[in-house]
>>> print(open('input_18.cif').read())   # mmCIF, C-alpha atoms
data_query
loop_
_atom_site.label_atom_id
_atom_site.label_comp_id
_atom_site.auth_asym_id
_atom_site.auth_seq_id
_atom_site.Cartn_x
_atom_site.Cartn_y
_atom_site.Cartn_z
CA MET O 20 -79.76 31.22 116.50
CA SER O 21 -77.39 33.79 118.04
CA ASP O 22 -73.89 34.72 116.89
CA ARG O 23 -72.58 33.43 120.20
CA ASP O 24 -73.99 29.97 119.54
CA LEU O 25 -72.46 29.88 116.08
CA SER O 26 -69.03 31.00 117.25
CA LEU O 27 -68.81 27.82 119.30
CA LEU O 28 -69.40 25.61 116.29
CA SER O 29 -66.74 24.12 114.05
CA ASP O 30 -66.82 24.78 110.29
CA ARG O 31 -68.08 21.25 109.77
CA GLU O 32 -71.02 21.88 112.09
CA LEU O 33 -71.71 25.20 110.42
CA ALA O 34 -71.66 23.51 107.03
CA ARG O 35 -74.22 20.99 108.28
CA LEU O 36 -76.44 23.81 109.56
CA GLU O 37 -76.17 25.56 106.19
CA ARG O 38 -77.10 22.36 104.35
CA ASP O 39 -80.07 21.74 106.67
CA ILE O 40 -81.46 25.21 105.91
CA ALA O 41 -80.87 24.70 102.18
CA ARG O 42 -82.68 21.35 102.25
CA ARG O 43 -85.83 23.01 103.54
CA HIS O 44 -86.01 25.07 100.33
CA ILE O 45 -85.04 22.38 97.81
CA GLY O 46 -87.48 20.08 96.06
CA LYS O 47 -90.49 22.39 95.92
CA PHE O 48 -92.00 22.52 92.43
CA PRO O 49 -91.40 26.06 91.10
CA TRP O 50 -94.91 26.76 89.75
CA PHE O 51 -94.23 30.47 89.50
CA ILE O 52 -91.22 30.13 87.23
CA VAL O 53 -92.99 27.57 84.99
CA ILE O 54 -95.99 29.88 84.55
CA CYS O 55 -93.63 32.84 84.09
CA ALA O 56 -91.80 30.94 81.31
CA ILE O 57 -95.00 30.12 79.42
CA VAL O 58 -96.52 33.60 79.79
CA ASN O 59 -93.25 35.32 78.87
CA PHE O 60 -92.80 33.22 75.73
CA ALA O 61 -96.47 33.66 74.75
CA ILE O 62 -96.14 37.45 75.07
CA TRP O 63 -93.02 37.47 72.91
CA ILE O 64 -94.67 35.32 70.22
CA SER O 65 -97.78 37.50 70.24
CA LEU O 66 -95.66 40.61 69.67
CA TRP O 67 -94.89 39.48 66.11
CA PRO O 68 -98.45 39.66 64.70
CA LEU O 69 -99.23 42.67 66.90
CA VAL O 70 -96.27 44.66 65.54
CA PHE O 71 -96.57 43.37 61.96
CA THR O 72 -100.23 44.43 61.79
CA GLY O 73 -99.52 47.78 63.42
CA ILE O 74 -101.72 47.13 66.46
CA ILE O 75 -98.81 48.12 68.68
CA PRO O 76 -95.96 50.42 67.60
CA VAL O 77 -92.47 49.07 66.91
CA TRP O 78 -90.90 51.01 69.80
CA LEU O 79 -93.32 49.42 72.27
CA GLY O 80 -92.58 46.01 70.77
CA LEU O 81 -88.86 46.66 71.31
CA ILE O 82 -89.36 47.49 75.00
CA ILE O 83 -91.58 44.47 75.68
CA ALA O 84 -89.37 42.08 73.66
CA SER O 85 -86.26 43.27 75.53
CA ILE O 86 -87.99 42.52 78.84
CA ASN O 87 -89.04 39.12 77.42
CA ALA O 88 -85.45 38.37 76.42
CA ALA O 89 -84.02 39.19 79.84
CA VAL O 90 -86.83 37.61 81.89
CA GLY O 91 -86.78 34.49 79.72
CA TYR O 92 -83.31 33.64 80.94
CA LEU O 93 -84.59 33.02 84.49
CA PRO O 94 -86.78 29.95 83.81
CA SER O 95 -84.02 28.59 81.58
CA HIS O 96 -81.58 29.14 84.43
CA GLU O 97 -83.83 27.09 86.72
CA ALA O 98 -83.93 24.36 84.07
CA GLN O 99 -80.13 24.46 83.71
CA HIS O 100 -79.95 23.48 87.39
CA ASP O 101 -82.66 20.78 87.01
CA ILE O 102 -84.83 22.68 89.50
CA ILE O 103 -88.07 22.14 87.56
CA ALA O 104 -87.49 18.38 87.29
CA ARG O 105 -84.47 16.14 87.93
CA PRO O 106 -83.09 13.76 85.26
CA GLY O 107 -85.20 10.59 85.09
CA SER O 108 -88.24 12.13 86.78
CA LYS O 109 -91.74 12.20 85.27
CA LEU O 110 -91.67 15.92 84.48
CA ARG O 111 -88.15 15.94 83.04
CA TRP O 112 -89.59 16.81 79.60
CA LEU O 113 -91.04 20.00 81.12
CA ASN O 114 -87.64 20.99 82.53
CA GLU O 115 -86.04 20.61 79.11
CA LEU O 116 -88.94 22.23 77.25
CA ILE O 117 -88.85 25.29 79.54
CA GLY O 118 -85.07 25.42 79.20
CA HIS O 119 -85.18 25.47 75.39
CA LEU O 120 -88.23 27.73 74.92
CA SER O 121 -87.30 30.41 77.44
CA THR O 122 -84.09 31.50 75.78
CA ILE O 123 -85.46 31.75 72.22
CA PRO O 124 -86.21 35.51 72.61
CA LEU O 125 -82.63 35.91 73.84
CA ALA O 126 -81.31 33.78 70.95
CA LEU O 127 -79.21 31.79 73.40
CA PRO O 128 -79.02 28.01 72.80
CA TYR O 129 -80.11 26.19 75.99
CA LYS O 130 -77.46 23.46 76.04
CA LEU O 131 -74.67 25.97 75.44
CA ALA O 132 -76.04 28.04 78.34
CA LYS O 133 -76.34 24.96 80.56
CA VAL O 134 -72.84 23.54 80.02
CA THR O 135 -71.05 26.89 80.25
CA HIS O 136 -73.12 27.96 83.26
CA GLN O 137 -72.15 24.78 85.10
CA GLU O 138 -68.51 25.63 84.38
CA HIS O 139 -69.13 29.12 85.76
CA HIS O 140 -70.39 27.52 88.98
CA LYS O 141 -67.44 25.13 89.19
CA HIS O 142 -64.80 27.79 88.54
CA THR O 143 -66.38 31.09 89.59
CA ASN O 144 -63.94 34.00 89.06
CA HIS O 145 -61.16 31.73 87.84
CA PRO O 146 -59.25 33.79 85.23
CA GLU O 147 -59.04 30.95 82.72
CA LEU O 148 -61.77 28.46 83.56
CA ASP O 149 -64.78 30.67 84.32
CA PRO O 150 -66.53 31.33 80.95
CA ASP O 151 -68.08 34.51 82.40
CA VAL O 152 -64.88 35.96 83.82
CA SER O 153 -64.71 38.55 81.02
CA SER O 154 -67.79 40.29 82.44
CA HIS O 155 -65.79 41.52 85.40
CA ALA O 156 -65.37 45.30 85.44
CA ARG O 157 -64.37 48.26 87.59
CA GLY O 158 -67.87 49.63 88.03
CA PRO O 159 -71.46 49.52 86.67
CA TRP O 160 -70.90 51.56 83.49
CA HIS O 161 -67.70 49.70 82.76
CA ALA O 162 -69.66 46.45 83.20
CA VAL O 163 -72.19 47.55 80.57
CA TRP O 164 -69.35 48.51 78.22
CA ARG O 165 -67.52 45.22 78.82
CA SER O 166 -70.67 43.27 78.03
CA ILE O 167 -71.00 45.04 74.67
CA VAL O 168 -67.29 44.73 73.85
CA ASN O 169 -67.31 41.03 74.78
CA ARG O 170 -69.91 40.34 72.10
CA GLN O 171 -67.80 41.73 69.24
CA PRO O 172 -66.86 39.18 66.54
CA ARG O 173 -63.26 38.58 67.62
CA ALA O 174 -63.61 39.47 71.32
CA LYS O 175 -62.40 37.10 74.03
CA GLY O 176 -65.60 37.02 76.06
CA ALA O 177 -69.25 36.00 75.71
CA PHE O 178 -69.95 33.53 72.88
CA ASN O 179 -66.28 33.19 71.96
CA ALA O 180 -65.47 32.30 75.58
CA TYR O 181 -68.33 29.80 75.57
CA GLY O 182 -66.96 28.25 72.38
CA ARG O 183 -63.49 27.89 73.94
CA THR O 184 -65.04 26.32 77.04
CA LEU O 185 -66.90 23.73 74.97
CA VAL O 186 -63.71 22.88 73.06
CA ARG O 187 -61.81 22.50 76.37
CA LEU O 188 -64.54 20.18 77.66
CA LYS O 189 -64.61 18.35 74.31
CA ARG O 190 -68.38 18.97 74.12
CA PHE O 191 -68.40 19.21 70.34
CA ASP O 192 -72.01 18.00 70.31
CA VAL O 193 -73.11 21.11 72.21
CA LEU O 194 -70.82 23.32 70.11
CA ARG O 195 -72.37 21.97 66.89
CA GLU O 196 -75.89 22.46 68.21
CA ALA O 197 -75.07 26.01 69.35
CA ALA O 198 -73.53 26.86 65.95
CA VAL O 199 -76.60 25.54 64.13
CA CYS O 200 -78.95 27.47 66.46
CA ARG O 201 -76.98 30.68 65.98
CA LEU O 202 -76.91 30.17 62.23
CA ALA O 203 -80.67 29.58 62.22
CA TRP O 204 -81.14 32.82 64.17
CA PHE O 205 -79.06 34.80 61.66
CA MET O 206 -80.88 33.19 58.72
CA SER O 207 -84.25 34.07 60.27
CA LEU O 208 -83.13 37.69 60.68
CA PHE O 209 -81.81 37.81 57.09
CA ALA O 210 -85.01 36.29 55.69
CA LEU O 211 -87.22 38.71 57.61
CA ALA O 212 -85.04 41.65 56.57
CA TRP O 213 -85.05 40.81 52.86
CA CYS O 214 -88.84 40.23 52.98
CA GLY O 215 -89.24 43.86 54.06
CA HIS O 216 -89.46 43.34 57.83
CA ALA O 217 -85.97 44.39 58.93
CA ILE O 218 -87.19 47.04 61.40
CA GLU O 219 -89.61 44.59 63.04
CA ALA O 220 -86.90 41.88 63.20
CA ALA O 221 -84.46 44.36 64.74
CA ALA O 222 -87.02 45.54 67.30
CA LEU O 223 -88.36 42.12 68.29
CA TRP O 224 -85.28 39.91 68.19
CA TRP O 225 -81.92 41.47 67.30
CA LEU O 226 -81.91 44.45 69.68
CA PRO O 227 -83.70 42.53 72.49
CA HIS O 228 -80.93 39.90 72.21
CA HIS O 229 -78.30 42.58 72.87
CA ILE O 230 -80.27 44.57 75.46
CA GLY O 231 -81.37 41.43 77.32
CA TYR O 232 -77.90 39.92 77.24
CA THR O 233 -76.34 43.14 78.59
CA TYR O 234 -78.90 43.25 81.41
CA ILE O 235 -78.33 39.59 82.29
CA GLN O 236 -74.57 39.97 82.22
CA PHE O 237 -74.88 42.98 84.50
CA TYR O 238 -77.10 41.36 87.13
CA LEU O 239 -76.11 37.71 86.87
CA SER O 240 -72.42 37.92 86.06
CA TRP O 241 -71.03 41.27 87.16
CA ALA O 242 -73.00 42.55 90.18
CA PRO O 243 -73.06 39.36 92.29
CA HIS O 244 -69.38 38.57 91.69
CA HIS O 245 -67.86 42.05 91.83
CA PRO O 246 -64.93 42.60 92.45
CA ALA O 247 -64.36 38.99 91.40
CA GLU O 248 -61.01 38.60 93.09
CA GLU O 249 -61.73 35.46 95.10
CA THR O 250 -62.52 31.91 94.04
CA HIS O 251 -63.52 30.33 97.36
CA PRO O 252 -67.24 29.35 97.10
CA HIS O 253 -68.18 31.51 100.10
CA ARG O 254 -66.24 34.54 98.84
CA ALA O 255 -66.68 34.35 95.04
CA THR O 256 -70.28 35.61 95.16
CA ARG O 257 -71.77 38.37 97.29
CA SER O 258 -75.11 39.72 98.35
CA PHE O 259 -75.76 43.26 97.15
CA ARG O 260 -78.43 45.93 97.21
CA SER O 261 -79.65 46.88 93.75
CA VAL O 262 -81.05 50.34 92.93
CA VAL O 263 -83.86 48.62 91.06
CA GLY O 264 -84.65 46.26 93.94
CA ASN O 265 -84.68 42.50 93.98
CA LEU O 266 -87.35 42.28 91.27
CA GLY O 267 -85.50 44.70 88.97
CA SER O 268 -82.27 42.81 89.49
CA MET O 269 -84.13 39.60 88.58
CA GLY O 270 -83.74 38.17 92.09
CA MET O 271 -79.96 38.38 92.00
CA GLN O 272 -79.46 40.29 95.25
CA TYR O 273 -79.35 36.89 96.97
CA HIS O 274 -77.24 35.19 94.29
CA VAL O 275 -74.72 34.04 96.92
CA VAL O 276 -77.31 31.50 98.13
CA HIS O 277 -77.76 30.25 94.57
CA HIS O 278 -74.02 29.71 94.13
CA LEU O 279 -73.72 27.79 97.38
CA HIS O 280 -76.92 25.79 96.88
CA PRO O 281 -77.83 25.90 93.16
CA ARG O 282 -80.89 23.68 93.52
CA ILE O 283 -82.81 26.19 95.65
CA PRO O 284 -85.47 27.71 93.35
CA LEU O 285 -85.05 31.40 92.58
CA TYR O 286 -88.24 32.40 94.43
CA ARG O 287 -86.96 30.75 97.65
CA THR O 288 -83.50 32.38 97.66
CA PRO O 289 -84.49 35.54 99.63
CA GLN O 290 -86.05 33.46 102.43
CA ALA O 291 -83.16 31.00 102.41
CA TYR O 292 -80.69 33.90 102.54
CA TRP O 293 -82.21 35.49 105.65
CA GLU O 294 -82.40 32.12 107.41
CA MET O 295 -78.87 31.26 106.39
CA LYS O 296 -77.21 34.64 106.85
CA PRO O 297 -75.81 34.13 110.39
CA VAL O 298 -74.30 30.82 109.28
CA LEU O 299 -72.90 32.36 106.12
CA GLU O 300 -71.37 35.20 108.15
CA ALA O 301 -69.81 32.72 110.55
CA ARG O 302 -68.32 30.86 107.56
CA GLY O 303 -66.81 34.07 106.19
CA ALA O 304 -69.19 34.55 103.26
CA ASN O 305 -69.43 37.88 101.48
CA VAL O 306 -72.85 38.89 102.85
CA ASP O 307 -72.28 42.50 103.93
CA GLY O 308 -74.42 43.91 101.13
CA LEU O 309 -77.78 42.94 102.66
CA MET M 28 -71.40 20.86 57.24
CA ILE M 29 -68.92 21.89 59.95
CA GLN M 30 -66.72 23.55 57.31
CA ILE M 31 -69.65 25.52 55.93
CA VAL M 32 -70.55 26.71 59.44
CA GLN M 33 -66.91 27.68 60.09
CA VAL M 34 -66.73 29.71 56.85
CA VAL M 35 -70.03 31.41 57.65
CA PHE M 36 -68.79 32.44 61.10
CA ARG M 37 -65.40 33.56 59.76
CA PHE M 38 -67.14 36.01 57.44
CA GLY M 39 -69.89 36.76 59.98
CA PRO M 40 -69.59 40.56 59.96
CA LEU M 41 -69.73 40.76 56.16
CA LEU M 42 -72.68 38.39 55.93
CA PHE M 43 -74.50 40.23 58.70
CA ALA M 44 -73.85 43.55 56.98
CA PHE M 45 -75.33 42.47 53.66
CA GLY M 46 -77.88 40.07 55.10
CA PHE M 47 -79.34 42.33 57.75
CA LEU M 48 -77.84 45.81 58.10
CA ALA M 49 -78.25 46.72 54.42
CA PRO M 50 -82.01 46.01 54.23
CA LEU M 51 -82.45 47.46 57.73
CA THR M 52 -80.78 50.72 56.70
CA ALA M 53 -82.84 50.81 53.49
CA GLN M 54 -86.10 50.31 55.37
CA ILE M 55 -85.19 52.95 57.99
CA ILE M 56 -84.43 55.45 55.18
CA LYS M 57 -87.74 54.64 53.52
CA SER M 58 -89.88 54.80 56.66
CA ALA M 59 -88.20 58.06 57.77
CA GLY M 60 -88.96 59.59 54.37
CA TRP M 61 -85.34 60.54 53.69
CA THR M 62 -84.08 60.99 50.14
CA PRO M 63 -80.60 59.50 49.57
CA PRO M 64 -78.10 61.76 47.72
CA PHE M 65 -76.97 61.37 44.06
CA GLY M 66 -80.28 59.83 43.12
CA LEU M 67 -79.42 56.58 44.87
CA SER M 68 -82.23 54.24 45.85
CA SER M 69 -82.74 53.44 49.53
CA LEU M 70 -81.59 49.86 48.93
CA THR M 71 -78.37 50.94 47.19
CA THR M 72 -77.70 53.37 50.05
CA GLY M 73 -78.37 50.57 52.54
CA LEU M 74 -75.97 48.27 50.72
CA ILE M 75 -73.26 50.96 50.67
CA ILE M 76 -73.64 51.91 54.36
CA GLY M 77 -74.13 48.33 55.57
CA GLY M 78 -71.34 47.07 53.32
CA LEU M 79 -68.87 49.68 54.54
CA LEU M 80 -69.68 48.93 58.18
CA GLY M 81 -69.33 45.22 57.47
CA VAL M 82 -65.96 45.57 55.72
CA VAL M 83 -64.60 47.64 58.63
CA ALA M 84 -66.01 45.19 61.23
CA GLN M 85 -64.62 42.23 59.28
CA ALA M 86 -61.15 43.81 59.20
CA ARG M 87 -61.11 45.02 62.82
CA GLY M 88 -62.98 42.10 64.36
CA ARG M 89 -65.36 44.48 66.12
CA TRP M 90 -68.31 46.67 65.24
CA ILE M 91 -67.54 49.37 67.82
#
>>> encode(input="input_18.cif", output="structure tokens")
Amino acid sequence: MSDRDLSLLSDRELARLERDIARRHIGKFPWFIVICAIVNFAIWISLWPLVFTGIIPVWLGLIIASINAAVGYLPSHEAQHDIIARPGSKLRWLNELIGHLSTIPLALPYKLAKVTHQEHHKHTNHPELDPDVSSHARGPWHAVWRSIVNRQPRAKGAFNAYGRTLVRLKRFDVLREAAVCRLAWFMSLFALAWCGHAIEAAALWWLPHHIGYTYIQFYLSWAPHHPAEETHPHRATRSFRSVVGNLGSMGMQYHVVHHLHPRIPLYRTPQAYWEMKPVLEARGANVDGL
Amino acid sequence: MIQIVQVVFRFGPLLFAFGFLAPLTAQIIKSAGWTPPFGLSSLTTGLIIGGLLGVVAQARGRWI
């Protein structure tokens, strides 16, 4: 498929080409992400007895739990887009189970993540309607700082932005569930702390929540949408080269493909990107980064 | 139920300070082998440090 061929095509024809490529990657069962979800959660659970009994030191538990918290978001993200199983299908229970379990180390309620993430897709970079718009920043260090500031009790971003989004959508059911989940998380931390396990609770759940959330915000919200000035679907997300590679950036270098075709599984986005790139370029997408 | 949750979140920083930061500080002091000044116990020191941080965070709406 040469550039010359594509330049002769109308936008409608290009859109059809893009969809045809996307279709080839949709509908495959994402075994890898399902196994990743189960293994990741099992590792995080096993850290508790291992750290409590002193088999592994607290600092090592903190590092592993932080990785668990960040990595756990990815299977949940696949579930949020019904990639594991569509509504009404035989394996739908697995989609929902993976969605709920995966974000426990991150202390992020699944339904809250799902509803607000769908709004992020619908209104990417919109100053009022995108729940993740507050993660936008001037540069990488500013992005890290913004992520931390956004999580402060009376900040405008992060969980407070998610709360406002749910109120705007009148999804009080999800808001209630999220509030109960968050309360349960705090109560668990308090109970562990007052039973003499505050350091372990901080290392295995509280700090990993913050470290993991900052990492996710950096690679899922800031990097792929920077500078976040456009709202057109082909311009709101970009491809980029990460210093920690595609694996280190949790597969987000090709996030533009995900935003245009959210049902393509994460592990297929690099291949879909390279197949789609000439079409995306012809349609004016922000794909200069790779 | 909703009202209880709302109250809990309104006083979140204070609750977090006394519920988590105070025992965390106390346990860090203990495991580091530090001796708090004025003959205070590690728990009292934790409650003072955690409580102060919580009061400030509650008033400012931010921890940092």
>>> resolve_selection(input="input_18.cif", expression="the PyMOL selection byres ((chain O) within 8 of (chain M))", output="PyMOL selection string")
chain O and resi 168+171-174+195+198-199+202+205+208-209+212-213+215+217-218+221
>>> closest_residue(input="input_18.cif", among="O:Glu32, O:Asp24, O:Glu248, O:Glu300", to="O:Pro146", atoms="all atoms listed in the file")
O:Glu248
>>> residues_around(input="input_18.cif", residues="stretch 37-52 of chain O", least_positions_apart="2", cutoff="9 Å", atoms="only C-alpha atoms", output="PyMOL selection string")
chain O and resi 32-35+54-57+93-94+97+102-104+276+280+282-288+290-291+294-295+298-299
>>> residues_around(input="input_18.cif", residues="M:Ser68", least_positions_apart="2", cutoff="12 Å", atoms="all atoms listed in the file", output="list in words")
Pro50, Thr52, Ala53, Gln54, Ile56, Lys57, Trp61, Thr62, Pro63, Pro64, Phe65, Gly66, Leu70, Thr71, Thr72, Gly73, Leu74 and Ile75 of chain M
>>> residues_around(input="input_18.cif", residues="O:His244", least_positions_apart="6", cutoff="9 Å", atoms="all atoms listed in the file", output="PyMOL selection string")
chain O and resi 143-144+155+254-258+274-275
>>> write_last_selection(input="input_18.cif", atoms="C-alpha atoms", output="compact mmCIF listing (two decimals), in the frame of the given file")
# COMPACT_ATOMS: atom_id res chain seq x y z
CA THR O 143 -66.38 31.09 89.59
CA ASN O 144 -63.94 34.00 89.06
CA HIS O 155 -65.79 41.52 85.40
CA ARG O 254 -66.24 34.54 98.84
CA ALA O 255 -66.68 34.35 95.04
CA THR O 256 -70.28 35.61 95.16
CA ARG O 257 -71.77 38.37 97.29
CA SER O 258 -75.11 39.72 98.35
CA HIS O 274 -77.24 35.19 94.29
CA VAL O 275 -74.72 34.04 96.92
>>> atom_distance(input="input_18.cif", atom1="atom CA of O:Glu249", atom2="atom CA of O:Gly91")
29.4 Å
>>> residues_around(input="input_18.cif", residues="stretch 122-139 of chain O", least_positions_apart="5", cutoff="6 Å", atoms="only C-alpha atoms", output="NGL selection string")
:O and (88 or 91-92 or 99 or 149-150 or 197 or 228)
>>> residues_around(input="input_18.cif", residues="O:Ile86", least_positions_apart="2", cutoff="9 Å", atoms="only C-alpha atoms", output="list of chain:residue names")
O:Asn59, O:Leu81, O:Ile82, O:Ile83, O:Ala84, O:Ala88, O:Ala89, O:Val90, O:Gly91, O:Pro227, O:Ile230, O:Gly231
>>> residues_near_point(input="input_18.cif", point="(-75.7, 45.2, 95.1)", cutoff="12 Å", atoms="all atoms listed in the file", output="PyMOL selection string")
chain O and resi 158-159+237-239+241-246+256-265+267-268+270-275+305-309
>>> write_last_selection(input="input_18.cif", atoms="C-alpha atoms", output="tab-separated table (two decimals), in the coordinates of the input")
chain	number	residue	atom	x	y	z
O	158	GLY	CA	-67.87	49.63	88.03
O	159	PRO	CA	-71.46	49.52	86.67
O	237	PHE	CA	-74.88	42.98	84.50
O	238	TYR	CA	-77.10	41.36	87.13
O	239	LEU	CA	-76.11	37.71	86.87
O	241	TRP	CA	-71.03	41.27	87.16
O	242	ALA	CA	-73.00	42.55	90.18
O	243	PRO	CA	-73.06	39.36	92.29
O	244	HIS	CA	-69.38	38.57	91.69
O	245	HIS	CA	-67.86	42.05	91.83
O	246	PRO	CA	-64.93	42.60	92.45
O	256	THR	CA	-70.28	35.61	95.16
O	257	ARG	CA	-71.77	38.37	97.29
O	258	SER	CA	-75.11	39.72	98.35
O	259	PHE	CA	-75.76	43.26	97.15
O	260	ARG	CA	-78.43	45.93	97.21
O	261	SER	CA	-79.65	46.88	93.75
O	262	VAL	CA	-81.05	50.34	92.93
O	263	VAL	CA	-83.86	48.62	91.06
O	264	GLY	CA	-84.65	46.26	93.94
O	265	ASN	CA	-84.68	42.50	93.98
O	267	GLY	CA	-85.50	44.70	88.97
O	268	SER	CA	-82.27	42.81	89.49
O	270	GLY	CA	-83.74	38.17	92.09
O	271	MET	CA	-79.96	38.38	92.00
O	272	GLN	CA	-79.46	40.29	95.25
O	273	TYR	CA	-79.35	36.89	96.97
O	274	HIS	CA	-77.24	35.19	94.29
O	275	VAL	CA	-74.72	34.04	96.92
O	305	ASN	CA	-69.43	37.88	101.48
O	306	VAL	CA	-72.85	38.89	102.85
O	307	ASP	CA	-72.28	42.50	103.93
O	308	GLY	CA	-74.42	43.91	101.13
O	309	LEU	CA	-77.78	42.94	102.66
>>> decode(input="input_18.cif", residues="stretch 51-73 of chain O", atoms="C-alpha atoms", output="PDB file, in the first residue's frame")
ATOM      1  CA  PHE O  51      -2.113 -13.305  27.524  1.00  0.00           C
ATOM      2  CA  ILE O  52      -3.935 -10.542  29.367  1.00  0.00           C
ATOM      3  CA  VAL O  53      -6.217 -13.030  31.186  1.00  0.00           C
ATOM      4  CA  ILE O  54      -3.210 -15.055  32.388  1.00  0.00           C
ATOM      5  CA  CYS O  55      -1.378 -11.821  33.220  1.00  0.00           C
ATOM      6  CA  ALA O  56      -4.351 -10.687  35.361  1.00  0.00           C
ATOM      7  CA  ILE O  57      -4.488 -13.942  37.336  1.00  0.00           C
ATOM      8  CA  VAL O  58      -0.714 -14.189  37.847  1.00  0.00           C
ATOM      9  CA  ASN O  59      -0.420 -10.510  38.782  1.00  0.00           C
ATOM     10  CA  PHE O  60      -3.208 -10.734  41.355  1.00  0.00           C
ATOM     11  CA  ALA O  61      -1.827 -14.017  42.763  1.00  0.00           C
ATOM     12  CA  ILE O  62       1.617 -12.423  43.202  1.00  0.00           C
ATOM     13  CA  TRP O  63       0.117  -9.435  45.007  1.00  0.00           C
ATOM     14  CA  ILE O  64      -1.936 -11.662  47.342  1.00  0.00           C
ATOM     15  CA  SER O  65       1.094 -13.849  48.073  1.00  0.00           C
ATOM     16  CA  LEU O  66       3.117 -10.781  49.068  1.00  0.00           C
ATOM     17  CA  TRP O  67       1.012 -10.376  52.226  1.00  0.00           C
ATOM     18  CA  PRO O  68       2.024 -13.629  53.982  1.00  0.00           C
ATOM     19  CA  LEU O  69       5.544 -13.377  52.541  1.00  0.00           C
ATOM     20  CA  VAL O  70       6.090  -9.889  53.993  1.00  0.00           C
ATOM     21  CA  PHE O  71       4.184 -10.541  57.235  1.00  0.00           C
ATOM     22  CA  THR O  72       6.311 -13.609  57.982  1.00  0.00           C
ATOM     23  CA  GLY O  73       9.520 -11.835  57.024  1.00  0.00           C
TER      24      GLY O  73
END
